[in-house]
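*Asks:* Would you mind keeping the following structure in view while I ask a few things?
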Amino acid sequence: MTQALAGRKLDITRRKIATRRAKEDRADKIQKEEDRKQRREDYIIETRAQWETDHQDDIENFEKHLDREARKARGDQVSDEEEEDEDEEGEPKVAPKRPFFNEADAFKKFDEKDENVVHVIPSEVVDDIDDDWPMTPQEEQEYID
């Protein structure tokens, strides 16, 4: 009988240790996923700022074009330099297009890196409650440790 009781205690202890490890693993994965999400937000902010710096001239040209067109529509005076419809080579000027930051591509580049893998969070771990061996939570913790 004593050997059976010792075997039962060992089985209960193993289950409780496995439950504790599963809870720790879940908490670790939750923390890693939160960290990844924060790094992803920081990455997109930095990438957008770099893109805006790299395309500053294009953005300014587009804004100048919009301003000139708005003044023309209101009937305001537009300078001859702004009025030119041809470039230096006699070719018709093409209206500048608004540069577009592709956020989806930036997120894709971030997600493709190995260190940015999405952490799958396991489901909530349910405590293994066994009424055959009543213990207080503190006694249980001491026994597992």
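In the structure tokens, chains take the letters A, B, ... in the order shown, each chain's residues start at 1, and ligands count up from 1 in the order shown.
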List as a PyMOL selection string the protein and nucleic acid residues near Val117 in chain A, meaning an atom at most 10 Å away when only C-alpha atoms are counted, but skip any in the same chain fewer than 5 places from it.
*Replies:* chain A and resi 32-33+36+110-112
*Asks:* Since we have the selection now, will you write its residues out, keeping N, CA and C atoms, as a PDB file, in the first residue's frame?
*Replies:*
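Result went into selection_38.pdb, see below:
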ATOM      1  N   LYS A  32       7.040  36.988 -25.732  1.00  0.00           N
ATOM      2  CA  LYS A  32       7.772  37.078 -26.997  1.00  0.00           C
ATOM      3  C   LYS A  32       6.899  37.671 -28.102  1.00  0.00           C
ATOM      4  N   GLU A  33       5.627  37.309 -28.125  1.00  0.00           N
ATOM      5  CA  GLU A  33       4.729  37.837 -29.150  1.00  0.00           C
ATOM      6  C   GLU A  33       4.483  39.328 -28.932  1.00  0.00           C
ATOM      7  N   ARG A  36       7.534  41.072 -30.188  1.00  0.00           N
ATOM      8  CA  ARG A  36       7.553  41.084 -31.656  1.00  0.00           C
ATOM      9  C   ARG A  36       6.606  42.155 -32.201  1.00  0.00           C
ATOM     10  N   PHE A 110       9.420  42.687 -42.843  1.00  0.00           N
ATOM     11  CA  PHE A 110       9.664  42.458 -41.424  1.00  0.00           C
ATOM     12  C   PHE A 110       9.309  41.021 -41.048  1.00  0.00           C
ATOM     13  N   ASP A 111       8.152  40.565 -41.492  1.00  0.00           N
ATOM     14  CA  ASP A 111       7.664  39.237 -41.111  1.00  0.00           C
ATOM     15  C   ASP A 111       8.483  38.101 -41.725  1.00  0.00           C
ATOM     16  N   GLU A 112       9.166  38.356 -42.847  1.00  0.00           N
ATOM     17  CA  GLU A 112       9.943  37.305 -43.503  1.00  0.00           C
ATOM     18  C   GLU A 112      11.231  36.970 -42.764  1.00  0.00           C
TER      19      GLU A 112
END
*Asks:* Name all residues at most 9 Å from range 138-143 of chain A (count only C-alpha atoms; drop same-chain ones fewer than 2 positions away) and give them as number ranges by chain.
*Replies:* A: 13, 16, 135-136, 145
*Asks:* Please dump the current selection as a short mmCIF file (atom, residue, chain, number, x, y, z; two decimals), in the first residue's frame; keep N, CA and C atoms.
*Replies:*
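And here's out03.cif as it stands now:
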data_model
loop_
_atom_site.label_atom_id
_atom_site.label_comp_id
_atom_site.auth_asym_id
_atom_site.auth_seq_id
_atom_site.Cartn_x
_atom_site.Cartn_y
_atom_site.Cartn_z
N THR A 13 2.84 14.50 -8.87
CA THR A 13 3.92 15.48 -8.94
C THR A 13 4.33 15.72 -10.39
N LYS A 16 1.73 17.88 -12.07
CA LYS A 16 1.78 19.26 -11.59
C LYS A 16 3.00 19.98 -12.17
N MET A 135 -3.75 19.42 -0.70
CA MET A 135 -2.63 20.28 -0.34
C MET A 135 -3.05 21.73 -0.51
N THR A 136 -2.46 22.57 0.29
CA THR A 136 -2.68 24.00 0.10
C THR A 136 -1.82 24.43 -1.08
N ASP A 145 8.71 22.38 -6.12
CA ASP A 145 10.07 22.93 -6.15
C ASP A 145 11.06 21.93 -5.63
#
*Asks:* Which residue out of A:Arg74, A:Arg98, A:Lys113, A:Arg40 has the minimum interatomic distance to His55 in chain A when only C-alpha atoms are used?
*Replies:*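 Comparing A:Arg74, A:Arg98, A:Lys113, A:Arg40 against His55 in chain A, the winner is A:Arg98.
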*Asks:* A:Asp67, A:Asp35, A:Glu52, A:Asp42: which is nearest Asn116 in chain A, counting only C-alpha atoms?
*Replies:* A:Asp35
*Asks:* Just give me the gap between CA of Arg39 in chain A and CA of Pro122 in chain A in Å, one decimal is fine.
*Replies:*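 So the answer is 21.6 Å.
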*Asks:* Hey, can you check how far CA of Pro96 in chain A sits from CA of Phe62 in chain A?
*Replies:*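 Taking CA of Pro96 in chain A and CA of Phe62 in chain A, their separation equals 5.4 Å.
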